[in-house]
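**Student:** Okay, here's the structure, questions in a sec.
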Amino acid sequence: MYLLYFLLWVIFNGNFTLEIAVFGVIIAAALFAFTCKFMDYSVEKEKKLLKRAFHLLHYSCVLVIEIVKANFSVIHLILTEKEEAQPVLVTFKADLDTPMGRSALANAITLTPGTITVLLEDNTYTVHCLDESFAEGMDQSVFVDMIKKCE
């Protein structure tokens with residue numbers, strides 16, 4: 001985090017001189033101290049985040065791929081005249097430990113077109129699906145396993 005603060009200082013200044021570097025070191029140290037003291041941040045938490053960085057990147061890539069696939073499914077549903085959309089509400093449980101993991105799953109569901117997370121209570125999700133086919137396999141979603149690895 002300290003290096004990020006320093007890099008932002010240099011980028012915002014637009015050039016790099018000895019004076020800017022000295023002030024950047026001091027200001028980055030002050031911001032880092034403030035972050036550690038008042039924003040519940042520590043170097044240990046940063047180490048844990050770096051260990052999970054690969055899982056988070058993998059999750060982000062899979063999420064983008066699933067969003068694109070869902071877009072094509074919704075486009076197909078809209079453009080085909082022979083199929084009638086059958087909206088459905090689905091309730092399922094996901095075994096996630098942290099509130100952040102639960103909200104990440106709810107947001108992933110809402111981000112994919114054709115589905116909206118209506119309610120989240122404890123580990124129980126209620127999801128509105130634009131069609132019954134979008135509800136298939138939602139309780140065994142790949143997102144649940146990936147979020148567990150990130151928790």
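Ligands are numbered from 1 in the order shown, residues from 1 within each chain, and chains are lettered A, B, ... in the order they appear in the structure tokens.
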Residues within 6 Å of Val127 in chain A, please, as a ChimeraX atom specification. Count only C-alpha atoms; anything in the same chain fewer than 6 positions from it doesn't count.
**Tutor:** /A:89-90,116-118
**Student:** For C-alpha atoms, I'd like the residues from the last selection saved as a compact mmCIF listing (two decimals), in the first residue's frame.
**Tutor:**
# COMPACT_ATOMS: atom_id res chain seq x y z
CA LEU A 89 -38.10 -17.23 -8.55
CA VAL A 90 -35.45 -19.61 -7.25
CA ILE A 116 -31.36 -10.58 -10.20
CA THR A 117 -30.73 -11.34 -6.55
CA VAL A 118 -33.95 -10.34 -4.84
**Student:** For Val144 in chain A, work out the shell of residues within 10 Å, counting only C-alpha atoms and skipping chain neighbours fewer than 5 positions away, then give it as a short mmCIF file (atom, residue, chain, number, x, y, z; two decimals) with N, CA, C and O atoms, in the first residue's frame.
**Tutor:**
data_model
loop_
_atom_site.label_atom_id
_atom_site.label_comp_id
_atom_site.auth_asym_id
_atom_site.auth_seq_id
_atom_site.Cartn_x
_atom_site.Cartn_y
_atom_site.Cartn_z
N ALA A 94 -26.19 -21.29 -0.18
CA ALA A 94 -24.77 -21.39 -0.54
C ALA A 94 -23.97 -21.40 0.75
O ALA A 94 -24.23 -20.63 1.67
N ASP A 95 -23.00 -22.26 0.83
CA ASP A 95 -22.20 -22.41 2.05
C ASP A 95 -21.00 -21.46 2.01
O ASP A 95 -19.88 -21.88 1.72
N LEU A 96 -21.24 -20.19 2.28
CA LEU A 96 -20.18 -19.19 2.32
C LEU A 96 -20.07 -18.67 3.75
O LEU A 96 -21.07 -18.48 4.44
N GLY A 101 -18.20 -12.59 1.19
CA GLY A 101 -18.36 -13.66 0.22
C GLY A 101 -19.81 -13.81 -0.23
O GLY A 101 -20.08 -14.01 -1.41
N ARG A 102 -20.72 -13.68 0.73
CA ARG A 102 -22.15 -13.77 0.39
C ARG A 102 -22.56 -12.63 -0.55
O ARG A 102 -23.29 -12.84 -1.51
N ALA A 104 -20.58 -10.97 -2.50
CA ALA A 104 -19.91 -11.15 -3.79
C ALA A 104 -20.71 -12.10 -4.68
O ALA A 104 -20.84 -11.86 -5.89
N LEU A 105 -21.23 -13.17 -4.10
CA LEU A 105 -22.06 -14.09 -4.87
C LEU A 105 -23.35 -13.41 -5.33
O LEU A 105 -23.77 -13.56 -6.48
N MET A 138 -27.99 -23.27 -10.48
CA MET A 138 -27.59 -22.07 -9.75
C MET A 138 -27.04 -22.41 -8.37
O MET A 138 -26.11 -21.76 -7.89
N ASP A 139 -27.57 -23.44 -7.75
CA ASP A 139 -27.09 -23.80 -6.41
C ASP A 139 -25.72 -24.48 -6.45
O ASP A 139 -25.01 -24.50 -5.45
N LYS A 149 -12.60 -20.08 -2.13
CA LYS A 149 -11.14 -20.02 -2.20
C LYS A 149 -10.63 -18.62 -1.87
O LYS A 149 -9.53 -18.46 -1.35
N CYS A 150 -11.44 -17.61 -2.17
CA CYS A 150 -11.02 -16.22 -1.93
C CYS A 150 -11.28 -15.77 -0.48
O CYS A 150 -10.70 -14.79 -0.04
#
**Student:** Between CA of Cys36 in chain A and CA of Tyr2 in chain A, what distance in Å does the model show, to one decimal?
**Tutor:**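 If I compute the distance from CA of Cys36 in chain A to CA of Tyr2 in chain A, I get 10.5 Å.
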**Student:** Go through A:Val43, A:Leu119, A:Ile26, A:Ile75 and flag the residue nearest Trp9 in chain A, using only C-alpha atoms for the distances.
**Tutor:** A:Ile26
**Student:** Using DSSP on the backbone, list every residue of range 30-100 of chain A that comes out as strand (DSSP E), and give them as a PyMOL selection string.
**Tutor:** chain A and resi 88-93
